[in-house]
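What's in work-v9.cif: mmCIF, C-alpha atoms
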data_query
loop_
_atom_site.label_atom_id
_atom_site.label_comp_id
_atom_site.auth_asym_id
_atom_site.auth_seq_id
_atom_site.Cartn_x
_atom_site.Cartn_y
_atom_site.Cartn_z
CA MET B 1 -149.32 -93.06 76.14
CA PRO B 2 -149.24 -96.69 75.01
CA ARG B 3 -151.76 -97.67 72.36
CA GLN B 4 -154.78 -99.65 73.53
CA GLN B 5 -154.90 -103.11 72.03
CA GLN B 6 -157.70 -105.58 71.83
CA THR B 7 -158.01 -109.29 72.40
CA ASN B 8 -160.77 -111.80 73.11
CA ILE B 9 -161.21 -114.63 75.53
CA GLY B 10 -161.25 -118.14 74.05
CA VAL B 11 -162.34 -121.55 75.26
CA TRP B 12 -160.43 -124.80 75.10
CA GLY B 13 -160.84 -128.27 76.52
CA HIS B 14 -158.54 -128.73 79.49
CA ASP B 15 -159.17 -132.23 80.76
CA ALA B 16 -162.08 -134.57 81.18
CA GLU B 17 -163.54 -132.41 83.94
CA SER B 18 -162.69 -128.82 83.04
CA LEU B 19 -162.75 -126.24 80.33
CA ASP B 20 -160.04 -123.64 80.00
CA LEU B 21 -161.14 -120.04 79.51
CA SER B 22 -158.01 -118.16 78.52
CA VAL B 23 -156.71 -114.94 77.17
CA ILE B 24 -153.19 -114.45 75.88
CA ILE B 25 -151.50 -111.09 76.12
CA PRO B 26 -148.67 -110.97 73.57
CA GLY B 27 -145.40 -109.26 74.31
CA LEU B 28 -141.76 -110.01 74.87
CA ILE B 29 -142.97 -112.29 77.62
CA ARG B 30 -146.37 -113.65 76.73
CA ARG B 31 -148.84 -113.84 79.56
CA ARG B 32 -151.65 -116.33 79.55
CA TYR B 33 -154.47 -115.90 82.05
CA THR B 34 -156.61 -118.97 82.54
CA VAL B 35 -159.59 -119.88 84.63
CA LEU B 36 -160.72 -123.46 84.81
CA ILE B 37 -164.45 -124.04 84.89
CA PRO B 38 -166.43 -127.27 85.02
CA ARG B 39 -167.32 -128.75 81.63
CA THR B 40 -170.91 -128.87 82.76
CA SER B 41 -171.13 -125.11 83.42
CA SER B 42 -174.38 -123.44 82.44
CA LYS B 43 -174.65 -120.67 79.86
CA ASP B 44 -174.68 -118.02 82.58
CA GLY B 45 -171.86 -119.75 84.44
CA VAL B 46 -169.57 -119.66 81.40
CA ARG B 47 -170.47 -116.09 80.62
CA SER B 48 -169.97 -114.74 84.13
CA ALA B 49 -166.65 -116.58 84.52
CA ALA B 50 -165.47 -115.09 81.22
CA VAL B 51 -166.64 -111.61 82.22
CA ASP B 52 -164.81 -111.90 85.55
CA LEU B 53 -161.68 -113.07 83.73
CA ALA B 54 -161.89 -110.11 81.35
CA ILE B 55 -162.33 -107.73 84.28
CA TYR B 56 -159.38 -109.23 86.13
CA VAL B 57 -157.07 -109.19 83.09
CA ARG B 58 -158.03 -105.60 82.31
CA SER B 59 -157.05 -104.66 85.85
CA GLN B 60 -153.68 -106.39 85.37
CA GLN B 61 -153.05 -105.22 81.80
CA PRO B 62 -154.35 -101.64 81.51
CA ASN B 63 -153.16 -101.34 77.90
CA TRP B 64 -155.28 -104.23 76.74
CA HIS B 65 -158.99 -104.21 76.01
CA VAL B 66 -160.10 -107.74 76.76
CA TYR B 67 -163.53 -108.72 75.47
CA VAL B 68 -165.85 -111.68 75.88
CA PRO B 69 -167.42 -112.92 72.65
CA GLY B 70 -171.20 -112.85 73.01
CA ASN B 71 -171.44 -116.48 71.92
CA ILE B 72 -168.86 -117.74 74.42
CA HIS B 73 -171.30 -120.26 75.87
CA THR B 74 -171.71 -121.80 72.41
CA MET B 75 -167.94 -121.96 72.08
CA ALA B 76 -167.77 -123.66 75.48
CA LYS B 77 -170.43 -126.14 74.48
CA LYS B 78 -168.47 -127.10 71.37
CA ALA B 79 -165.17 -127.29 73.24
CA ALA B 80 -166.77 -129.48 75.91
CA ARG B 81 -168.08 -131.81 73.25
CA PHE B 82 -165.09 -132.19 71.00
CA THR B 83 -161.77 -131.31 72.57
CA VAL B 84 -159.57 -132.42 75.37
CA THR B 85 -156.29 -130.52 75.07
CA PRO B 86 -153.55 -132.12 77.16
CA VAL B 87 -151.99 -129.66 79.60
CA GLY B 88 -148.95 -127.96 78.08
CA ASP B 89 -149.97 -128.45 74.48
CA PRO B 90 -149.92 -125.35 72.31
CA VAL B 91 -153.16 -123.43 72.11
CA PRO B 92 -155.03 -124.10 68.84
CA ARG B 93 -154.82 -121.02 66.65
CA GLU B 94 -158.09 -121.32 64.86
CA THR B 95 -161.49 -121.77 66.36
CA HIS B 96 -162.43 -124.34 63.72
CA GLU B 97 -159.95 -126.71 65.35
CA TRP B 98 -162.37 -126.98 68.21
CA HIS B 99 -164.90 -128.56 65.89
CA HIS B 100 -162.49 -130.86 64.10
CA PRO B 101 -159.34 -131.44 66.13
CA PRO B 102 -156.71 -132.79 63.74
CA GLU B 103 -155.93 -136.44 64.10
CA ARG B 104 -152.52 -137.05 65.63
CA THR B 105 -150.41 -139.00 63.17
CA ALA B 106 -147.40 -141.15 64.02
CA GLU B 107 -145.24 -138.21 62.95
CA ASP B 108 -147.08 -135.90 65.34
CA ARG B 109 -146.52 -138.31 68.20
CA ALA B 110 -142.83 -138.72 67.39
CA SER B 111 -142.56 -134.94 67.12
CA ALA B 112 -144.19 -134.48 70.53
CA LEU B 113 -141.88 -137.04 72.09
CA LEU B 114 -138.74 -135.47 70.62
CA ARG B 115 -139.96 -132.05 71.69
CA THR B 116 -140.25 -133.28 75.27
CA LEU B 117 -136.86 -134.98 75.23
CA ASP B 118 -134.80 -132.42 73.35
CA PRO B 119 -136.53 -129.16 72.38
CA ASP B 120 -133.42 -127.81 70.65
CA LEU B 121 -133.01 -130.85 68.40
CA TRP B 122 -136.77 -130.85 67.77
CA SER B 123 -136.79 -127.24 66.58
CA LYS B 124 -133.82 -127.88 64.28
CA MET B 125 -135.41 -131.02 62.84
CA ARG B 126 -138.62 -129.13 62.34
CA GLY B 127 -136.80 -126.21 60.69
CA GLY B 128 -135.32 -128.51 58.05
CA LYS B 129 -131.97 -126.77 57.55
CA ALA B 130 -128.75 -128.73 58.02
CA PHE B 131 -127.11 -128.26 61.41
CA TYR B 132 -124.19 -129.45 63.48
CA PHE B 133 -124.73 -132.12 66.09
CA THR B 134 -121.90 -132.56 68.57
CA THR B 135 -121.27 -135.45 70.92
CA PRO B 136 -118.50 -135.47 73.54
CA GLU B 137 -116.27 -137.31 71.03
CA ASN B 138 -117.31 -136.30 67.53
CA ARG B 139 -119.05 -133.80 65.36
CA TYR B 140 -121.70 -134.45 62.75
CA ILE B 141 -123.92 -132.63 60.31
CA ILE B 142 -127.57 -133.61 60.23
CA TYR B 143 -129.70 -132.96 57.18
CA PRO B 144 -133.27 -133.12 58.54
CA ASN B 145 -135.11 -133.22 55.23
CA GLN B 146 -132.93 -136.01 53.88
CA ARG B 147 -132.63 -137.76 57.27
CA SER B 148 -128.90 -138.01 56.71
CA LEU B 149 -125.99 -138.02 59.06
CA ILE B 150 -122.54 -136.86 57.99
CA ALA B 151 -119.61 -137.58 60.30
CA LEU B 152 -117.00 -134.85 60.24
CA GLU B 153 -113.97 -137.10 60.47
CA ASP B 154 -110.40 -135.83 60.66
CA ASP B 155 -109.59 -136.76 57.06
CA GLU B 156 -112.88 -135.92 55.32
CA PRO B 157 -116.63 -135.83 55.91
CA LYS B 158 -118.22 -139.26 55.64
CA TYR B 159 -121.77 -140.31 55.05
CA VAL B 160 -122.95 -142.56 57.86
CA CYS B 161 -125.00 -145.24 56.19
CA ILE B 162 -127.71 -146.43 58.52
CA HIS B 163 -130.80 -148.36 57.63
CA SER B 164 -133.49 -149.33 60.06
CA ARG B 165 -135.87 -152.24 59.84
CA ASP B 166 -138.48 -149.90 61.27
CA ASN B 167 -140.09 -148.13 58.36
CA ALA B 168 -141.08 -145.17 60.55
CA VAL B 169 -137.41 -144.45 61.24
CA GLU B 170 -136.66 -144.47 57.53
CA LEU B 171 -139.53 -142.18 56.61
CA ASN B 172 -140.33 -140.01 59.60
CA ARG B 173 -137.75 -137.37 60.44
CA PHE B 174 -138.71 -137.16 64.12
CA ASP B 175 -138.55 -140.93 64.59
CA TRP B 176 -135.25 -140.86 62.74
CA ALA B 177 -133.93 -138.08 64.98
CA LEU B 178 -135.05 -139.92 68.12
CA THR B 179 -133.14 -143.00 66.96
CA MET B 180 -130.01 -141.09 65.96
CA ARG B 181 -130.02 -139.14 69.18
CA THR B 182 -130.37 -142.31 71.22
CA TYR B 183 -127.42 -143.92 69.44
CA LEU B 184 -125.19 -140.86 69.31
CA LEU B 185 -125.67 -139.88 72.91
CA GLY B 186 -126.36 -143.32 74.35
CA ASP B 187 -124.00 -145.64 72.52
CA GLU B 188 -122.03 -143.76 69.91
CA GLU B 189 -119.32 -146.40 69.85
CA HIS B 190 -121.82 -149.07 68.83
CA LEU B 191 -123.15 -146.85 66.05
CA ARG B 192 -119.66 -146.15 64.75
CA ASP B 193 -118.77 -149.85 64.91
CA THR B 194 -121.84 -151.03 63.02
CA ALA B 195 -122.64 -148.29 60.52
CA ASN B 196 -120.78 -147.96 57.24
CA PHE B 197 -118.90 -144.74 56.67
CA HIS B 198 -118.88 -143.86 52.99
CA SER B 199 -116.47 -141.43 51.42
CA GLU B 200 -118.57 -141.00 48.31
CA TYR B 201 -122.03 -140.39 49.38
CA HIS B 202 -125.32 -139.15 48.20
CA MET B 203 -128.19 -138.47 50.47
CA ARG B 204 -131.86 -139.07 50.13
CA GLY B 205 -133.07 -136.46 47.71
CA PRO B 206 -131.02 -134.38 45.32
CA ILE B 207 -128.25 -133.17 47.64
CA ASN B 208 -124.79 -134.28 46.63
CA ALA B 209 -122.18 -133.14 49.08
CA HIS B 210 -119.35 -134.18 46.74
CA ARG B 211 -120.54 -132.16 43.75
CA THR B 212 -117.70 -130.02 42.49
CA ARG B 213 -117.51 -127.09 40.09
CA ASP B 214 -116.13 -129.45 37.45
CA ASP B 215 -119.17 -131.70 37.81
CA ASP B 216 -121.43 -128.69 37.37
CA ALA B 217 -119.51 -127.56 34.27
CA SER B 218 -119.56 -130.98 32.63
CA GLY B 219 -123.13 -131.70 33.66
CA THR B 220 -122.13 -134.95 35.35
CA ASP B 221 -123.30 -136.02 38.69
CA ALA B 222 -121.15 -137.84 41.21
CA GLU B 223 -124.23 -139.49 42.63
CA GLY B 224 -125.06 -143.17 42.25
CA MET H 1 -141.40 -117.20 73.07
CA PRO H 2 -141.51 -117.49 76.87
CA THR H 3 -144.98 -117.60 78.36
CA GLU H 4 -145.97 -116.77 81.90
CA GLN H 5 -149.04 -118.63 82.90
CA GLU H 6 -151.52 -117.66 85.57
CA THR H 7 -154.12 -120.34 86.13
CA MET H 8 -156.95 -119.87 88.59
CA THR H 9 -159.95 -121.78 89.77
CA LEU H 10 -163.32 -120.13 89.46
CA GLN H 11 -163.40 -119.40 93.20
CA GLU H 12 -159.97 -117.73 93.11
CA LEU H 13 -161.00 -115.57 90.18
CA THR H 14 -164.27 -114.57 91.83
CA GLN H 15 -162.40 -113.62 95.00
CA LYS H 16 -159.93 -111.49 93.05
CA VAL H 17 -162.68 -109.62 91.23
CA ASP H 18 -164.68 -109.24 94.46
CA THR H 19 -161.60 -107.63 96.01
CA LEU H 20 -161.30 -105.20 93.10
CA VAL H 21 -164.98 -104.33 93.48
CA ALA H 22 -164.60 -103.88 97.24
CA GLU H 23 -161.61 -101.60 96.71
CA GLY H 24 -163.79 -99.47 94.45
CA THR H 25 -161.41 -100.01 91.54
CA ILE H 26 -164.16 -101.22 89.23
CA ASP H 27 -167.90 -101.15 88.75
CA ARG H 28 -168.80 -104.74 87.95
CA ALA H 29 -172.08 -104.03 86.17
CA ALA H 30 -170.57 -101.29 84.01
CA MET H 31 -167.57 -103.46 83.18
CA ARG H 32 -169.83 -106.38 82.33
CA SER H 33 -171.67 -104.40 79.70
CA GLU H 34 -168.38 -103.07 78.38
CA VAL H 35 -166.51 -106.34 78.03
CA LEU H 36 -169.36 -108.48 76.74
CA LEU H 37 -169.53 -108.22 72.96
CA PRO H 38 -172.93 -108.59 71.27
CA THR H 39 -173.66 -111.80 69.39
CA TYR H 40 -174.37 -111.76 65.67
CA GLN H 41 -178.10 -112.10 66.35
CA GLN H 42 -178.04 -109.18 68.77
CA LYS H 43 -176.22 -106.99 66.25
CA ARG H 44 -178.66 -107.99 63.54
CA TYR H 45 -181.65 -107.34 65.79
CA ALA H 46 -180.30 -103.88 66.71
CA MET H 47 -179.72 -103.06 63.05
CA VAL H 48 -183.22 -104.12 62.01
CA LYS H 49 -184.69 -102.12 64.88
CA GLU H 50 -182.75 -99.06 63.83
CA LEU H 51 -183.81 -99.44 60.19
CA LYS H 52 -187.46 -99.80 61.19
CA ALA H 53 -187.26 -96.67 63.32
CA ARG H 54 -185.65 -94.79 60.44
CA ALA H 55 -188.33 -96.00 58.02
CA LYS H 56 -191.00 -94.88 60.42
CA GLU H 57 -189.33 -91.49 60.69
CA LEU H 58 -189.34 -91.12 56.90
CA GLY H 59 -192.93 -92.32 56.64
CA LEU H 60 -191.92 -95.39 54.65
CA GLU H 61 -193.31 -97.92 57.05
CA GLN H 62 -196.14 -99.98 55.56
#
Serialized structure, structure tokens:
Amino acid sequence: MPRQQQTNIGVWGHDAESLDLSVIIPGLIRRRYTVLIPRTSSKDGVRSAAVDLAIYVRSQQPNWHVYVPGNIHTMAKKAARFTVTPVGDPVPRETHEWHHPPERTAEDRASALLRTLDPDLWSKMRGGKAFYFTTPENRYIIYPNQRSLIALEDDEPKYVCIHSRDNAVELNRFDWALTMRTYLLGDEEHLRDTANFHSEYHMRGPINAHRTRDDDASGTDAEG
Amino acid sequence: MPTEQETMTLQELTQKVDTLVAEGTIDRAAMRSEVLLPTYQQKRYAMVKELKARAKELGLEQ
């Protein structure tokens, strides 16, 4: 017999009018059950909606014990006061986020935009490890942490030297990725005509793609 | 991780639970007391009450 597992109902801001009472049942396919209640719901209103949700989810998920925290009306009051979570945003993990929702920085906004446009590129940029980026014509390696683009040309890899007047593009990896993606997929020819392709390159940070065993042995660095 | 979402209005949820009650699948009052966890104050109150009863039993109550 499957083991009984336990989870609680939480409260989040949904929009200007509603609160979102939800419970998430983990699994290979996660299920999220949500009931939307008015932000102005009374203490009893919040509690009875949560109890009904728990009853319904228990009937749907017999292996899960769903509970309603006794102070759910307090949680709802705080959520109603502080948070409006746009639809589709990830659920905050910690309850303290309800009290102090983190301020969205420029990087957060660029990240959200890239995530909407290209979730695969977003997850790779977020992960930080170098990855291949292929256009219909060419292949590149992108180093997310260094915000560097390496063109895998027929003769040898070349560092694509691009500088932007927009400081955000220089410093913010998601802004940088949005710009590179736009050029590479939108007007790759223009990028290849205007950027400089360097044979000897060093990237932002300590990575030197031309470092050889001889350099390591002699302690020299091909950078700079 | 893929997520399946089921979003309901309050009326839809109430109807669904009413149906379960009508089918005799659940006892709403019993379920209510089962799913609703006590608050911290309620737990504390119950504990104090229990301790007082125990003290009275042992003749320690002043």
Exercise. CA of Pro144 in chain B and CA of Lys124 in chain B, how far apart in Å?
Worked result: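 That distance, rounded to one decimal, is 7.8 Å.
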For this session: Carefully work through the PyMOL selection byres ((chain H) within 10 of (chain B)) for this structure and note down the residues it includes, as a ChimeraX atom specification.
Result: /H:1-18,20,25-28,31-42
For this session: Run the PyMOL selection byres ((chain B and resi 142) around 12) on the file and write out the hits as a ChimeraX atom specification.
Result: /B:121,124-125,127-134,139-141,143-152,157-160,173,176-177,180-181,184,203
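Between CA of Ala46 in chain H and CA of Lys77 in chain B there is a distance of 25.6 Å.
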For this session: Please evaluate the PyMOL selection byres ((chain B and resi 80) around 10) against the displayed coordinates and give the resulting residues as a ChimeraX atom specification.
Result: /B:11-20,38-41,74-79,81-84,98
So for range 38-44 of chain H, what box centre and size do we get, axis-aligned, 3 Å extra on each of the six sides, every listed atom, Å to one decimal, as lines of an AutoDock Vina configuration file?
center_x = -175.8
center_y = -109.5
center_z = 67.4
size_x = 11.7
size_y = 11.1
size_z = 13.7
Exercise. What gap, in Å, lies between CA of Gln4 in chain B and CA of Pro62 in chain B?
Worked result: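 Spanning CA of Gln4 in chain B to CA of Pro62 in chain B is a straight-line distance of 8.2 Å.
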